[in-house]
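structure07.txt (compact mmCIF, C-alpha atoms)
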```
# COMPACT_ATOMS: atom_id res chain seq x y z
CA MET A 1 18.72 -15.56 15.75
CA ILE A 2 15.27 -17.05 15.28
CA GLU A 3 15.78 -19.26 18.30
CA GLN A 4 15.96 -16.14 20.46
CA LEU A 5 12.41 -15.10 19.64
CA PRO A 6 9.75 -15.80 22.28
CA GLU A 7 8.37 -19.30 21.97
CA GLY A 8 4.73 -18.26 21.46
CA LYS A 9 2.11 -20.69 20.32
CA ASN A 10 2.35 -22.41 16.96
CA ILE A 11 -1.17 -22.18 15.53
CA GLY A 12 -0.48 -23.80 12.20
CA GLU A 13 1.64 -24.17 9.11
CA MET A 14 0.82 -23.07 5.61
CA LYS A 15 2.15 -22.68 2.13
CA ALA A 16 1.10 -19.47 0.35
CA SER A 17 2.33 -16.35 -1.40
CA PRO A 18 3.87 -13.52 0.67
CA GLU A 19 0.94 -11.29 -0.33
CA TRP A 20 -1.40 -13.78 1.26
CA ILE A 21 0.40 -13.42 4.58
CA TYR A 22 0.05 -9.65 4.58
CA SER A 23 -3.59 -9.73 3.55
CA HIS A 24 -4.82 -12.48 5.86
CA THR A 25 -3.28 -11.57 9.16
CA GLY A 26 -5.48 -8.60 9.96
CA LYS A 27 -6.04 -9.78 13.52
CA PHE A 28 -2.93 -11.85 14.00
CA VAL A 29 -0.25 -10.76 16.44
CA GLY A 30 2.96 -12.73 16.39
CA ALA A 31 5.77 -14.05 14.22
CA VAL A 32 5.54 -15.67 10.83
CA ARG A 33 8.43 -18.13 10.72
CA ILE A 34 9.41 -18.62 7.11
CA THR A 35 11.25 -21.46 5.42
CA ILE A 36 12.55 -21.08 1.87
CA GLN A 37 14.75 -23.87 0.54
CA ASP A 38 15.96 -24.92 3.98
CA ASN A 39 16.74 -21.32 4.94
CA THR A 40 14.72 -19.61 7.60
CA GLY A 41 13.56 -16.18 8.63
CA PHE A 42 10.65 -14.37 10.20
CA ILE A 43 8.30 -11.43 9.98
CA LEU A 44 6.89 -9.85 13.11
CA ILE A 45 3.30 -8.90 12.35
CA LYS A 46 0.83 -6.96 14.42
CA LYS A 47 -2.72 -7.02 13.09
CA GLY A 48 -1.76 -7.17 9.44
CA ARG A 49 1.11 -4.75 9.73
CA PRO A 50 4.57 -6.22 9.21
CA LEU A 51 6.94 -4.49 11.62
CA ALA A 52 10.20 -6.36 11.28
CA TYR A 53 11.83 -8.68 8.76
CA TYR A 54 14.72 -11.10 9.06
CA PHE A 55 16.01 -13.88 6.83
CA ASN A 56 19.13 -16.04 7.00
CA HIS A 57 20.08 -17.07 3.50
CA GLY A 58 22.87 -19.63 3.67
CA GLY A 59 24.56 -17.82 6.54
CA ILE A 60 24.04 -14.38 5.06
CA GLU A 61 21.75 -12.41 7.34
CA LEU A 62 19.22 -10.19 5.60
CA ARG A 63 17.38 -7.63 7.64
CA GLY A 64 14.70 -5.04 7.06
CA LEU A 65 14.06 -4.16 3.44
CA ALA A 66 16.62 -6.64 2.13
CA ALA A 67 14.86 -9.48 3.92
CA LEU A 68 11.49 -8.22 2.77
CA GLU A 69 12.63 -8.11 -0.84
CA TYR A 70 14.00 -11.62 -0.63
CA ILE A 71 10.86 -13.01 0.97
CA ASN A 72 8.58 -11.24 -1.51
CA PHE A 73 10.63 -12.50 -4.42
CA ASN A 74 9.40 -16.03 -3.75
CA PRO A 75 5.94 -16.73 -5.17
CA LEU A 76 5.23 -19.50 -2.67
CA ILE A 77 6.70 -19.91 0.76
CA GLU A 78 6.18 -22.25 3.68
CA PHE A 79 5.60 -20.70 7.05
CA SER A 80 4.43 -21.26 10.59
CA LEU A 81 2.21 -18.81 12.40
CA ILE A 82 3.48 -18.23 15.92
CA GLN A 83 0.92 -16.39 17.96
CA TYR A 84 2.21 -14.08 20.69
CA SER A 85 0.55 -12.62 23.72
CA PRO A 86 0.89 -8.82 23.98
CA GLY A 87 3.78 -9.35 26.39
CA GLU A 88 5.56 -11.79 24.10
CA PHE A 89 5.12 -9.52 21.11
CA ALA A 90 6.48 -6.55 23.02
CA ALA A 91 9.42 -8.70 24.12
CA ALA A 92 10.07 -9.81 20.52
CA LEU A 93 10.05 -6.22 19.26
CA ALA A 94 12.24 -5.07 22.13
CA TRP A 95 14.71 -7.87 21.49
CA TYR A 96 14.70 -7.14 17.75
CA THR A 97 15.42 -3.47 18.41
CA ARG A 98 18.14 -4.28 20.93
CA SER A 99 19.84 -6.54 18.40
CA GLY A 100 20.36 -3.53 16.17
CA GLN A 101 17.43 -4.05 13.86
CA VAL A 102 15.27 -1.24 12.63
CA VAL A 103 11.66 -1.67 13.49
CA ASP A 104 9.09 0.06 11.31
CA PRO A 105 9.16 3.54 12.82
CA ASP A 106 5.45 4.01 12.18
CA ALA A 107 4.64 0.96 14.27
CA LYS A 108 3.15 3.01 17.07
CA THR A 109 0.47 4.33 14.79
CA ASP A 110 -0.79 0.86 13.90
CA THR A 111 -1.91 2.23 10.56
CA PRO A 112 -3.66 -0.61 8.80
CA ALA A 113 -1.99 -2.20 5.84
CA PHE A 114 -3.66 -2.84 2.51
CA GLN A 115 -5.85 -5.88 2.30
CA ALA A 116 -4.68 -7.27 -1.02
CA GLU A 117 -6.80 -10.38 -1.06
CA GLU A 118 -9.12 -9.06 -3.72
CA VAL A 119 -6.30 -8.73 -6.22
CA ALA A 120 -6.70 -11.48 -8.74
CA GLY A 121 -3.84 -13.42 -10.23
CA THR A 122 -1.18 -11.95 -8.04
CA GLY A 123 0.09 -15.05 -6.38
CA ALA A 124 -0.54 -18.64 -5.70
CA GLU A 125 -3.65 -19.63 -3.87
CA PRO A 126 -3.07 -20.39 -0.21
CA VAL A 127 -2.74 -24.04 0.58
CA PRO A 128 -3.64 -24.59 4.22
CA LEU A 129 -1.77 -27.48 5.67
CA PRO A 130 -3.81 -29.95 7.68
CA GLY A 131 -5.31 -28.64 10.87
CA LEU A 132 -5.27 -24.90 10.13
CA ARG A 133 -8.48 -22.96 9.63
CA GLN A 134 -9.00 -19.33 8.72
CA SER A 135 -10.26 -18.64 12.24
CA ASP A 136 -6.92 -19.82 13.56
CA LEU A 137 -5.39 -16.56 12.35
CA LEU A 138 -7.33 -14.66 14.98
CA PRO A 139 -5.87 -14.01 18.41
CA HIS A 140 -6.90 -16.70 20.82
CA GLU A 141 -9.47 -14.64 22.65
CA GLU A 142 -11.08 -13.49 19.41
CA ARG A 143 -11.48 -16.85 17.72
CA LYS A 144 -15.02 -17.71 16.77
CA GLU A 145 -16.60 -20.23 14.51
CA PRO A 146 -18.02 -18.61 11.35
CA GLU A 147 -21.62 -18.91 12.56
CA GLN A 148 -20.67 -16.92 15.65
CA VAL A 149 -19.48 -13.87 13.75
CA PRO A 150 -21.76 -10.99 14.78
CA PRO A 151 -24.04 -9.53 12.10
CA LEU A 152 -23.01 -6.40 10.26
CA GLY A 153 -23.58 -3.41 12.49
CA GLU A 154 -24.22 0.23 11.83
CA GLU A 155 -22.56 1.45 14.99
CA PRO A 156 -18.98 1.29 13.68
CA VAL A 157 -19.97 3.13 10.52
CA ARG A 158 -21.70 5.80 12.59
CA GLU A 159 -18.53 6.14 14.65
CA LEU A 160 -16.49 6.47 11.49
CA VAL A 161 -18.78 9.21 10.16
CA SER A 162 -18.71 10.93 13.52
CA ARG A 163 -14.92 11.02 13.66
CA LEU A 164 -14.58 12.18 10.07
CA GLU A 165 -17.10 14.95 10.60
CA ARG A 166 -15.49 15.89 13.89
CA SER A 167 -12.20 16.51 12.11
CA GLY A 168 -13.96 19.51 10.58
CA GLU A 169 -11.97 19.11 7.40
CA VAL A 170 -13.58 16.25 5.53
CA ILE A 171 -16.06 17.47 2.93
CA SER A 172 -17.45 14.13 1.83
CA ALA A 173 -16.79 10.46 2.44
CA ALA A 174 -17.78 7.05 1.11
CA LEU A 175 -17.03 3.40 1.49
CA LEU A 176 -16.06 1.53 -1.64
CA ASN A 177 -16.12 -2.21 -2.10
CA GLU A 178 -17.06 -4.77 -4.69
CA LYS A 179 -20.67 -4.69 -3.54
CA GLY A 180 -20.97 -1.06 -4.49
CA ASN A 181 -20.27 2.37 -3.09
CA ARG A 182 -21.92 3.80 -0.03
CA ILE A 183 -21.85 7.54 0.41
CA LEU A 184 -21.47 8.37 4.09
CA PHE A 185 -21.96 12.12 3.86
CA GLY A 186 -21.39 15.07 1.56
CA LYS A 187 -23.39 13.70 -1.37
CA ASP A 188 -23.74 17.14 -2.93
CA GLU A 189 -20.02 17.77 -2.67
CA ILE A 190 -18.79 14.44 -3.94
CA GLY A 191 -18.91 15.36 -7.64
CA SER A 192 -16.38 13.39 -9.63
CA GLY A 193 -14.58 12.39 -6.43
CA LEU A 194 -15.95 8.86 -6.48
CA ASN A 195 -14.78 8.29 -10.04
CA ILE A 196 -11.33 9.52 -9.14
CA ALA A 197 -11.27 7.32 -6.03
CA GLU A 198 -12.25 4.28 -8.08
CA GLY A 199 -9.46 5.06 -10.51
CA MET A 200 -6.99 5.40 -7.64
CA LEU A 201 -8.17 2.13 -6.17
CA ALA A 202 -7.75 0.37 -9.49
CA THR A 203 -4.18 1.68 -9.68
CA ILE A 204 -3.43 0.51 -6.16
CA ARG A 205 -4.80 -2.94 -6.88
CA LYS A 206 -2.55 -3.18 -9.90
CA ILE A 207 0.67 -2.00 -8.34
CA THR A 208 0.52 -3.19 -4.73
CA PRO A 209 1.24 -6.89 -5.34
CA PHE A 210 4.40 -5.97 -7.19
CA THR A 211 5.78 -3.03 -5.33
CA GLU A 212 8.83 -3.47 -3.16
CA LEU A 213 7.95 -0.49 -1.02
CA GLY A 214 5.79 -2.34 1.51
CA SER A 215 2.06 -2.81 1.91
CA PHE A 216 -0.31 -0.05 0.88
CA VAL A 217 -1.36 2.43 3.56
CA HIS A 218 -3.01 5.34 1.77
CA MET A 219 -3.05 7.41 -1.40
CA THR A 220 -3.85 11.10 -1.82
CA PHE A 221 -4.53 12.60 -5.21
CA GLN A 222 -4.39 16.38 -5.23
CA THR A 223 -6.13 18.61 -7.72
CA PRO A 224 -5.91 22.40 -7.43
CA GLU A 225 -9.06 22.42 -5.25
CA ARG A 226 -9.29 19.06 -3.54
CA ASN A 227 -7.41 16.34 -1.72
CA ILE A 228 -8.91 12.99 -2.68
CA VAL A 229 -7.90 10.24 -0.27
CA VAL A 230 -8.29 6.47 -0.39
CA ALA A 231 -7.23 4.15 2.39
CA PRO A 232 -8.00 0.50 3.07
CA PHE A 233 -10.14 -0.71 5.91
CA GLN A 234 -10.89 -4.36 6.35
CA LYS A 235 -12.26 -5.57 3.00
CA SER A 236 -13.45 -2.13 1.94
CA CYS A 237 -11.84 1.12 1.05
CA LEU A 238 -12.51 4.46 2.65
CA PHE A 239 -12.62 7.45 0.36
CA PHE A 240 -12.86 11.04 1.51
CA MET A 241 -12.28 14.52 0.16
CA THR A 242 -10.90 17.60 1.84
CA SER A 243 -10.09 21.09 0.72
CA ARG A 244 -6.51 21.84 -0.28
CA LYS A 245 -6.08 23.86 2.88
CA ILE A 246 -4.96 20.77 4.76
CA ASN A 247 -1.70 19.04 4.07
CA ILE A 248 -0.63 15.41 3.82
CA GLY A 249 0.48 15.37 7.44
CA ARG A 250 -3.02 16.31 8.58
CA ILE A 251 -4.53 13.67 6.30
CA ARG A 252 -2.30 11.04 7.87
CA ARG A 253 -3.41 12.20 11.31
CA ILE A 254 -7.07 11.91 10.32
CA LEU A 255 -6.41 8.36 9.14
CA ARG A 256 -4.71 7.52 12.41
CA GLU A 257 -7.62 8.94 14.37
CA ILE A 258 -10.10 6.63 12.68
CA HIS A 259 -8.05 3.51 12.13
CA ASP A 260 -8.95 1.81 15.39
CA ILE A 261 -12.66 1.68 14.75
CA GLU A 262 -13.66 -1.97 14.73
CA TRP A 263 -16.21 -2.04 12.00
CA ILE A 264 -17.37 -4.21 9.20
CA ALA A 265 -18.46 -2.49 6.03
CA GLY A 266 -21.39 -4.09 4.36
CA MET N 267 23.34 19.45 -14.22
CA LEU N 268 19.97 17.75 -13.80
CA LYS N 269 21.67 15.14 -11.65
CA GLU N 270 23.03 17.87 -9.42
CA THR N 271 19.58 19.31 -8.89
CA LEU N 272 18.10 15.89 -8.17
CA ASN N 273 20.93 15.26 -5.78
CA LYS N 274 19.61 18.08 -3.60
CA PHE N 275 16.71 15.81 -2.64
CA LEU N 276 19.03 13.03 -1.52
CA ILE N 277 20.45 15.34 1.12
CA LEU N 278 17.05 15.39 2.81
CA ASN N 279 16.67 12.88 5.59
CA GLY N 280 15.00 9.66 4.43
CA VAL N 281 14.91 10.45 0.72
CA GLN N 282 16.04 7.44 -1.29
CA ALA N 283 15.45 8.48 -4.88
CA ALA N 284 14.53 11.49 -6.95
CA MET N 285 13.82 11.19 -10.63
CA VAL N 286 12.39 12.94 -13.62
CA ILE N 287 9.95 10.61 -15.26
CA GLN N 288 7.74 10.85 -18.32
CA GLU N 289 4.05 10.17 -18.34
CA ASN N 290 4.73 6.91 -20.17
CA GLY N 291 6.89 5.81 -17.22
CA GLU N 292 10.26 6.30 -18.87
CA ILE N 293 12.84 7.54 -16.38
CA ILE N 294 14.70 10.50 -17.89
CA GLU N 295 17.16 10.99 -15.05
CA SER N 296 17.43 9.67 -11.53
CA MET N 297 19.53 9.85 -8.41
CA LYS N 298 19.32 7.11 -5.80
CA SER N 299 20.66 6.40 -2.38
CA GLY N 300 20.17 3.18 -0.44
CA ILE N 301 17.55 1.80 -2.77
CA GLN N 302 17.60 -0.42 -5.80
CA ILE N 303 15.15 0.42 -8.55
CA SER N 304 14.53 -3.05 -9.91
CA GLU N 305 12.86 -3.76 -13.23
CA THR N 306 9.73 -4.65 -11.29
CA THR N 307 9.76 -1.29 -9.52
CA LYS N 308 10.30 0.47 -12.85
CA ASP N 309 7.25 -1.32 -14.20
CA VAL N 310 5.28 -0.32 -11.12
CA LEU N 311 6.35 3.31 -11.49
CA SER N 312 5.45 3.25 -15.16
CA LEU N 313 1.99 1.92 -14.36
CA PHE N 314 1.59 4.43 -11.56
CA MET N 315 2.53 7.29 -13.88
CA LYS N 316 0.21 6.25 -16.67
CA ASP N 317 -2.71 5.72 -14.32
CA SER N 318 -2.19 9.00 -12.47
CA ASP N 319 -2.07 10.87 -15.74
CA GLU N 320 -5.17 9.06 -16.94
CA ILE N 321 -7.09 9.87 -13.75
CA ALA N 322 -6.14 13.54 -13.97
CA LYS N 323 -7.16 13.84 -17.60
CA ASN N 324 -10.26 11.68 -17.77
CA GLN N 325 -11.72 11.44 -14.29
CA ALA N 326 -10.60 14.49 -12.37
CA ASN N 327 -10.88 16.69 -15.42
CA ALA N 328 -8.39 18.89 -13.63
CA PRO N 329 -4.63 19.23 -13.61
CA LEU N 330 -2.81 16.95 -11.25
CA SER N 331 -1.19 18.94 -8.46
CA MET N 332 0.43 16.07 -6.62
CA VAL N 333 0.01 12.37 -5.90
CA PHE N 334 1.14 10.93 -2.61
CA VAL N 335 1.20 7.17 -2.04
CA GLU N 336 2.12 5.79 1.35
CA PHE N 337 3.32 2.22 1.82
CA SER N 338 4.35 0.58 5.07
CA ASP N 339 8.05 1.20 4.38
CA ASN N 340 8.20 4.07 1.92
CA PHE N 341 6.16 6.73 0.24
CA LEU N 342 6.07 8.16 -3.26
CA ILE N 343 5.45 11.81 -4.10
CA LEU N 344 4.72 12.69 -7.68
CA GLY N 345 4.56 16.28 -8.85
CA PRO N 346 4.06 17.66 -12.36
CA LEU N 347 6.85 19.59 -14.02
CA ILE N 348 5.93 20.54 -17.55
CA GLU N 349 3.97 18.83 -20.31
CA GLU N 350 4.65 15.11 -20.01
CA PHE N 351 7.42 15.40 -17.40
CA PHE N 352 7.02 14.72 -13.69
CA LEU N 353 9.24 14.72 -10.63
CA LEU N 354 9.02 11.60 -8.49
CA VAL N 355 10.54 11.26 -5.04
CA ILE N 356 10.78 8.00 -3.11
CA ALA N 357 11.44 8.26 0.61
CA ARG N 358 11.28 6.26 3.79
CA ASN N 359 8.07 6.91 5.65
CA THR N 360 10.03 8.63 8.39
CA ALA N 361 11.06 11.42 6.02
CA ASN N 362 9.68 14.93 6.41
CA ILE N 363 6.95 15.27 3.79
CA GLY N 364 6.64 19.03 4.16
CA GLN N 365 10.34 19.49 3.59
CA ILE N 366 10.28 17.30 0.48
CA THR N 367 7.28 19.02 -1.07
CA PHE N 368 8.84 22.40 -0.29
CA GLU N 369 12.01 21.35 -2.13
CA MET N 370 9.95 20.05 -5.02
CA LYS N 371 8.28 23.43 -5.43
CA LYS N 372 11.55 25.30 -4.90
CA ASN N 373 13.41 23.31 -7.55
CA LYS N 374 10.60 22.90 -10.05
CA GLU N 375 11.57 25.78 -12.33
CA SER N 376 15.21 24.86 -12.15
CA ILE N 377 14.46 21.30 -13.25
CA ILE N 378 12.13 22.48 -16.02
CA SER N 379 14.84 24.72 -17.37
CA LEU N 380 17.09 21.67 -17.72
CA LEU N 381 14.62 19.54 -19.66
```
In structure tokens, how does this file's structure come out?
Amino acid sequence: MIEQLPEGKNIGEMKASPEWIYSHTGKFVGAVRITIQDNTGFILIKKGRPLAYYFNHGGIELRGLAALEYINFNPLIEFSLIQYSPGEFAAALAWYTRSGQVVDPDAKTDTPAFQAEEVAGTGAEPVPLPGLRQSDLLPHEERKEPEQVPPLGEEPVRELVSRLERSGEVISAALLNEKGNRILFGKDEIGSGLNIAEGMLATIRKITPFTELGSFVHMTFQTPERNIVVAPFQKSCLFFMTSRKINIGRIRRILREIHDIEWIAG
Amino acid sequence: MLKETLNKFLILNGVQAAMVIQENGEIIESMKSGIQISETTKDVLSLFMKDSDEIAKNQANAPLSMVFVEFSDNFLILGPLIEEFFLLVIARNTANIGQITFEMKKNKESIISLL
């Protein structure tokens, strides 16, 4: 089955935990070809979001959740990163679907997956095999040497604020990361929201490496008056509050509307 | 009888498990379909329960109305029942959230009466 995937371009081989794959492929589009004790499988990943899983365990074919569970069960796996062009990736997904597999139905939304790299002690440290650098995980056209990475910009954050405010339903918002919290707007309304968001984030950090339900997308904590939402973006976490007049479906739509902003939170 | 009520959730498209769970993470009763609740998942649910309860009591200083956690494959919906008991539903992320939360509200009193 693996042989029928598009050839792509092998950009390197590594040995690392499954969590590392999910958290370090934020800009990678392609297949992760996995080898576990002479058995092979793959994950189709688009910008950090795993869309399809397959593993052949001694002739027994595991697909979807079963394959995911098997792969995640192994603390350290060897894998090759096969980079696809947009056309190759589309062909891989189309072939996977045609072969009777279920592709993540939310794939079209491209909702970002949780960046779990800050979780300590959750898996083995990645061991890059010779010749692979972190920048190799980027799509070919986006690869840059570290010194070429553009400086942190305010424009993406302004765009984020603009879209959140435009929704007309977000009361306050902030960015949370290890460097501290940055209130974007609604300072007077934020109240205990930040404390709650930090508590939610701590919970997510604890449970995500161990859950078998997939990578983290978002969490909403409802009190009688507020929806308190946390969702990952890059290496930070977005927190916002809404009134209880809006439902979870609307919150998911707001997250989809802002997910494509290319920004770096400082 | 509690199983029968929980079974109503499994009829809903995409729902994989419905359970009554205590704030300490102990599962009182559960019904599952197409999902294995491994020991690891039980530990995760226990941690999730304790933390959610803690946040509600100490940080939100308000009763918890509902917690929704979305993962790439599934989501969890946690709703309070009475005292230390909660209803937890696990579903594929294609399931209809509105329908599930409606059923949670509709069956809340019935479940409480069985505890």
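Shortest atom-to-atom contact with chain N among A:Asn10, A:Ser236, A:Thr242, A:Asn227: A:Asn227, counting all atoms listed in the file.
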For this session: For Leu380 (chain N), work out the shell of residues within 10 Å, counting all atoms listed in the file and skipping chain neighbours fewer than 6 positions away, then give it as number ranges by chain.
Result: N: 267-268, 271
Seminar exercise, completed: CA of Leu330 (chain N) to CA of Thr223 (chain A) measures 5.1 Å
Problem set entry | Neighbours of chain N in chain A at 7 Å, counting only C-alpha atoms, as an NGL selection string | :A and (105 or 113 or 192 or 195-196 or 199 or 203 or 207 or 210-224)
Seminar exercise, completed: note - CA of Arg226 (chain A) and CA of Val157 (chain A) are separated by 23.8 Å
Exercise. Hey, which of A:Ser167, A:Ser23, A:Pro50, A:Leu184 ends up closest to Pro232 (chain A)? Count all atoms listed in the file.
Worked result: A:Ser23
For this session: For a cut-off of 9 Å around (-11.4, 14.6, 10.0), file coordinates, pick out all residues using only C-alpha atoms and list them as JSON, numbers by chain.
Result: {"A": [162, 163, 164, 165, 166, 167, 168, 169, 170, 171, 242, 250, 251, 253, 254, 255, 257, 258]}
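Our summary of the geometry notes that CA of Ile348 (chain N) is positioned 28.9 Å from CA of Phe239 (chain A).
Residues within 12 Å of Arg182 (chain A), counting all atoms listed in the file and excluding same-chain residues fewer than 3 positions away, are A:Val157, A:Val161, A:Ser172, A:Ala173, A:Ala174, A:Leu175, A:Leu176, A:Asn177, A:Glu178, A:Lys179, A:Phe185, A:Gly186, A:Lys187, A:Ile190, A:Leu194, A:Ser236, A:Cys237, A:Leu238, A:Phe239, A:Phe240, A:Ala265, A:Gly266.
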Around all of region 310-315 of chain N's listed atoms, make the axis-aligned box with 4 Å on each side and tell me centre and edge lengths in Å to one decimal, as AutoDock Vina command-line options.
```
--center_x 4.0 --center_y 3.5 --center_z -13.1 --size_x 12.8 --size_y 15.6 --size_z 12.0
```
Provide region 33-101 of chain A of the preceding structure as a file containing C-alpha atoms, as a PDB file, in the first residue's frame.
```pdb
ATOM      1  CA  ARG A  33       6.813   7.063   6.454  1.00  0.00           C
ATOM      2  CA  ILE A  34       7.134   5.133   9.681  1.00  0.00           C
ATOM      3  CA  THR A  35       9.111   2.020  10.508  1.00  0.00           C
ATOM      4  CA  ILE A  36       8.498   0.147  13.747  1.00  0.00           C
ATOM      5  CA  GLN A  37      10.273  -3.186  14.173  1.00  0.00           C
ATOM      6  CA  ASP A  38      10.503  -3.838  10.439  1.00  0.00           C
ATOM      7  CA  ASN A  39       6.829  -2.968   9.932  1.00  0.00           C
ATOM      8  CA  THR A  40       5.880   0.118   8.019  1.00  0.00           C
ATOM      9  CA  GLY A  41       3.135   2.692   7.791  1.00  0.00           C
ATOM     10  CA  PHE A  42       2.532   6.343   7.121  1.00  0.00           C
ATOM     11  CA  ILE A  43       0.795   9.493   8.262  1.00  0.00           C
ATOM     12  CA  LEU A  44      -0.315  12.097   5.757  1.00  0.00           C
ATOM     13  CA  ILE A  45       0.311  15.490   7.332  1.00  0.00           C
ATOM     14  CA  LYS A  46      -0.624  18.926   6.121  1.00  0.00           C
ATOM     15  CA  LYS A  47       0.938  21.769   8.081  1.00  0.00           C
ATOM     16  CA  GLY A  48       0.958  19.970  11.402  1.00  0.00           C
ATOM     17  CA  ARG A  49      -2.426  18.370  10.964  1.00  0.00           C
ATOM     18  CA  PRO A  50      -2.424  14.593  10.556  1.00  0.00           C
ATOM     19  CA  LEU A  51      -5.121  13.697   8.044  1.00  0.00           C
ATOM     20  CA  ALA A  52      -4.688   9.987   7.450  1.00  0.00           C
ATOM     21  CA  TYR A  53      -3.035   7.062   9.202  1.00  0.00           C
ATOM     22  CA  TYR A  54      -2.004   3.641   7.967  1.00  0.00           C
ATOM     23  CA  PHE A  55       0.182   0.910   9.435  1.00  0.00           C
ATOM     24  CA  ASN A  56       0.903  -2.647   8.319  1.00  0.00           C
ATOM     25  CA  HIS A  57       1.710  -4.722  11.364  1.00  0.00           C
ATOM     26  CA  GLY A  58       2.932  -8.131  10.248  1.00  0.00           C
ATOM     27  CA  GLY A  59       0.398  -8.293   7.434  1.00  0.00           C
ATOM     28  CA  ILE A  60      -2.437  -6.889   9.514  1.00  0.00           C
ATOM     29  CA  GLU A  61      -3.488  -3.558   8.072  1.00  0.00           C
ATOM     30  CA  LEU A  62      -4.383  -0.887  10.592  1.00  0.00           C
ATOM     31  CA  ARG A  63      -6.131   2.213   9.382  1.00  0.00           C
ATOM     32  CA  GLY A  64      -7.386   5.436  10.873  1.00  0.00           C
ATOM     33  CA  LEU A  65      -7.680   5.470  14.641  1.00  0.00           C
ATOM     34  CA  ALA A  66      -6.348   1.934  15.018  1.00  0.00           C
ATOM     35  CA  ALA A  67      -3.168   2.883  13.170  1.00  0.00           C
ATOM     36  CA  LEU A  68      -2.899   6.103  15.140  1.00  0.00           C
ATOM     37  CA  GLU A  69      -3.194   4.256  18.428  1.00  0.00           C
ATOM     38  CA  TYR A  70      -0.546   1.762  17.402  1.00  0.00           C
ATOM     39  CA  ILE A  71       1.861   4.452  16.244  1.00  0.00           C
ATOM     40  CA  ASN A  72       1.328   6.553  19.364  1.00  0.00           C
ATOM     41  CA  PHE A  73       1.874   3.550  21.578  1.00  0.00           C
ATOM     42  CA  ASN A  74       5.547   3.498  20.603  1.00  0.00           C
ATOM     43  CA  PRO A  75       7.661   6.001  22.540  1.00  0.00           C
ATOM     44  CA  LEU A  76      10.298   6.203  19.816  1.00  0.00           C
ATOM     45  CA  ILE A  77       9.847   5.559  16.143  1.00  0.00           C
ATOM     46  CA  GLU A  78      11.979   5.854  13.036  1.00  0.00           C
ATOM     47  CA  PHE A  79      10.551   7.757  10.136  1.00  0.00           C
ATOM     48  CA  SER A  80      11.288   9.452   6.843  1.00  0.00           C
ATOM     49  CA  LEU A  81       9.800  12.785   5.913  1.00  0.00           C
ATOM     50  CA  ILE A  82       8.516  12.712   2.354  1.00  0.00           C
ATOM     51  CA  GLN A  83       7.705  16.179   1.173  1.00  0.00           C
ATOM     52  CA  TYR A  84       4.883  16.542  -1.354  1.00  0.00           C
ATOM     53  CA  SER A  85       3.999  19.303  -3.737  1.00  0.00           C
ATOM     54  CA  PRO A  86       0.369  20.470  -3.448  1.00  0.00           C
ATOM     55  CA  GLY A  87      -0.475  18.262  -6.418  1.00  0.00           C
ATOM     56  CA  GLU A  88       1.208  15.206  -4.936  1.00  0.00           C
ATOM     57  CA  PHE A  89      -0.477  15.737  -1.598  1.00  0.00           C
ATOM     58  CA  ALA A  90      -3.872  16.076  -3.233  1.00  0.00           C
ATOM     59  CA  ALA A  91      -3.158  12.900  -5.206  1.00  0.00           C
ATOM     60  CA  ALA A  92      -2.143  11.046  -2.019  1.00  0.00           C
ATOM     61  CA  LEU A  93      -5.324  12.091  -0.228  1.00  0.00           C
ATOM     62  CA  ALA A  94      -7.460  11.251  -3.240  1.00  0.00           C
ATOM     63  CA  TRP A  95      -5.841   7.840  -3.546  1.00  0.00           C
ATOM     64  CA  TYR A  96      -6.234   7.223   0.186  1.00  0.00           C
ATOM     65  CA  THR A  97      -9.923   8.107   0.002  1.00  0.00           C
ATOM     66  CA  ARG A  98     -10.449   5.964  -3.098  1.00  0.00           C
ATOM     67  CA  SER A  99      -8.882   2.998  -1.335  1.00  0.00           C
ATOM     68  CA  GLY A 100     -11.683   3.111   1.204  1.00  0.00           C
ATOM     69  CA  GLN A 101      -9.873   4.996   3.920  1.00  0.00           C
TER      70      GLN A 101
END
```
